[in-house]
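*Asks:* This is the structure I have questions about; it appears just below.
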Amino acid sequence: MRSDPERLRFEITARDGAARTGRLHVAHGTVETPAFIPLATRGSVRSLAASEVRDLGYELVLGNTFHLMLSPGPGRVAELGGLNRFMGWGRAIITDSGGFQVFSLAHGRVADEIKGRRGRRSGKGSVLEIGEQGVRFRSYLDGSEQFLGPQESMAVQAALGSVIALTFDECTPYHADRDYTARSMERTHRWLDRCLAWHEGQGPRRQAVFGIVQGGVHEDLRRAAAERVSAAAVDGVAIGGTLGRDKEEMRGVIAMTASHLDTEAPRHLLGIGEPDDLVEGIALGMDLFDCAVPTRLARHGMALAPLPGTRFRFDVRRAEFSGDEGPLVEGCPCAACADHSRAYVHFLSRAEELTGVRLLVLHNLTYLERLVRGARQAIQGERFGDYRQAILNGVPPWRAAALTPSAP
Ligand SMILES: [Zn+2]
């Protein structure tokens, strides 16, 4: 690990078992952890203004290298003062490497299904060649030929001006066999070295870099990757790739990976963010989470809710809600629940009114912000075990935070 307080300083403020709270000091501010990171894929959190995302309490968003390099392009964003200024955000931004998206073009939908993430629909986009230098592919926007490799990814992220960049990696899908996963991981490690060499010479002085641990579900590979990335000159570690076929295997893979990581460095669990996964990830010592779930669910008329039996969500478009005067979730402090009924959101969602998506995004992001905020309070009060159990049992975050008794 590298220790350079000008780029990043991570202060662990409390521990409760393996769970911890911390403060991540980066170039554009401070992030309280554990934190959920909304996706600002194309420079916006779906349907919201940057000021609304700030008002929800978020301190960090994730921009997407793959989409922003294709349009409006890193040069244009740099001319306009970088992504932060371009989107009027004013707080910290992490950018992914684009590796997940270019390899999704190649690996198809299996990995997306397993991780509950949506890859780029094929359209015009397709992979032409994967090699030691990177990936040659066709843009889904105009069919133009593009290339993304470790140096190119770091150059795009430098132009975007994020405060945390991720190194370029291959996200191996669950269906890849052990041999492929091992060879891919070795290449990802060579790419790690190239990313860091490029960044050392040409990267923004105050941009931190997180290395990515791959290795699929194989314990020896995860261990090798965790040790290799921890030994590199990175400022933090992200855990990527397939984490297994179900949630139980996922917990096992996270636990075995975490056991080989530097305990003092920030840890980002990539692409994970359902309510139960958040409390389980926090229990295993993860600090940062990003996920498409809150915004993607909103697009499909789904609200997050304390419903463990239905994956913590319900479909507000269902007929039974057409005359329901109650809020999406009783007691929820969000703008949608404060002023509007399920019947109204039901009607807007069925009519495909933009306001319906907006209200659901506001609700879903409020729900997850309250969940991680409650987790931070519980860890500081040494009662995270009770908080976690309450969330898993279907208690809403704001009540779980208030119900679990404080430590004496
Ligand atoms: Zn709400």
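Residues in the structure tokens are named by chain (A, B, ... in the order shown) and by number from 1 within that chain; ligands are numbered from 1 in the order shown.
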I want to know what sits within 7 Å of A:Val61, based on only C-alpha atoms, with residues of the same chain fewer than 2 positions away left out; could you give that as number ranges by chain?

*Replies:* A: 37-40, 63, 92-94

*Asks:* Write out, as a tab-separated table, each residue of chain A that has an atom at most 7 Å from ligand 1, together with the closest pair of atoms and their distance in Å to one decimal, counting only C-alpha atoms and all ligand atoms, rows going by chain and rising number.

*Replies:*
```
residue	atom	partner	partner_atom_place_in_ligand_line	distance
A:Leu328	CA	ligand 1	1 (Zn)	5.9
A:Val329	CA	ligand 1	1 (Zn)	5.8
A:Cys332	CA	ligand 1	1 (Zn)	4.5
A:Pro333	CA	ligand 1	1 (Zn)	5.9
A:Cys334	CA	ligand 1	1 (Zn)	4.2
A:Ala335	CA	ligand 1	1 (Zn)	6.6
A:Ala336	CA	ligand 1	1 (Zn)	5.4
A:Cys337	CA	ligand 1	1 (Zn)	4.2
A:His363	CA	ligand 1	1 (Zn)	4.0
A:Asn364	CA	ligand 1	1 (Zn)	6.9
A:Thr366	CA	ligand 1	1 (Zn)	6.7
A:Tyr367	CA	ligand 1	1 (Zn)	6.7
```

*Asks:* Could you please determine the separation between atom CA of A:Phe137 and atom CA of A:Gln157 in Å, to one decimal place?

*Replies:* 18.7 Å

*Asks:* Which distance in Å separates atom CA of A:Glu129 and atom CA of A:Arg187, to one decimal?

*Replies:*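 Separation of atom CA of A:Glu129 and atom CA of A:Arg187: 15.1 Å.
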
*Asks:* What gap, in Å, lies between atom CA of A:Ala182 and atom CA of A:Gly240?

*Replies:*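 For atom CA of A:Ala182 relative to atom CA of A:Gly240, the distance reads 14.3 Å.
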
*Asks:* Counting only C-alpha atoms, which residues in stretch 267-309 of chain A sit no more than 8 Å from stretch 384-388 of chain A? For each one, give the nearest pair of atoms and the distance in Å, sorted by chain then residue number, as JSON lines.

*Replies:*
```
{"residue": "A:Val279", "atom": "CA", "partner": "A:Arg388", "partner_atom": "CA", "distance": 5.6}
{"residue": "A:Glu280", "atom": "CA", "partner": "A:Arg388", "partner_atom": "CA", "distance": 7.5}
{"residue": "A:Ala283", "atom": "CA", "partner": "A:Phe384", "partner_atom": "CA", "distance": 7.9}
```

*Asks:* With only C-alpha atoms as the basis for distance, which of A:Ser144, A:Ser139, A:Ser3, A:Thr65 is at the shortest distance from A:Gly161?

*Replies:* A:Thr65

*Asks:* For A:Pro397, which residue out of A:Gly281, A:Pro275, A:Pro327, A:Gly134 is the nearest one, using only C-alpha atoms?

*Replies:*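 Looking only at the distances to A:Pro397, the closest residue turns out to be A:Pro275.
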
*Asks:* Identify, with DSSP run on backbone atoms, the residues in stretch 286-368 of chain A assigned to strand (DSSP E), and express the list as an MDAnalysis selection string.

*Replies:* chainID A and resid 288:290 302:304 313:315

*Asks:* Excluding A:Arg318 and residues on its chain fewer than 3 positions from it, collect all residues at most 10 Å away from it, counting only C-alpha atoms, and give them as a PyMOL selection string.

*Replies:* chain A and resi 301-302+314-315+321-322+346+350
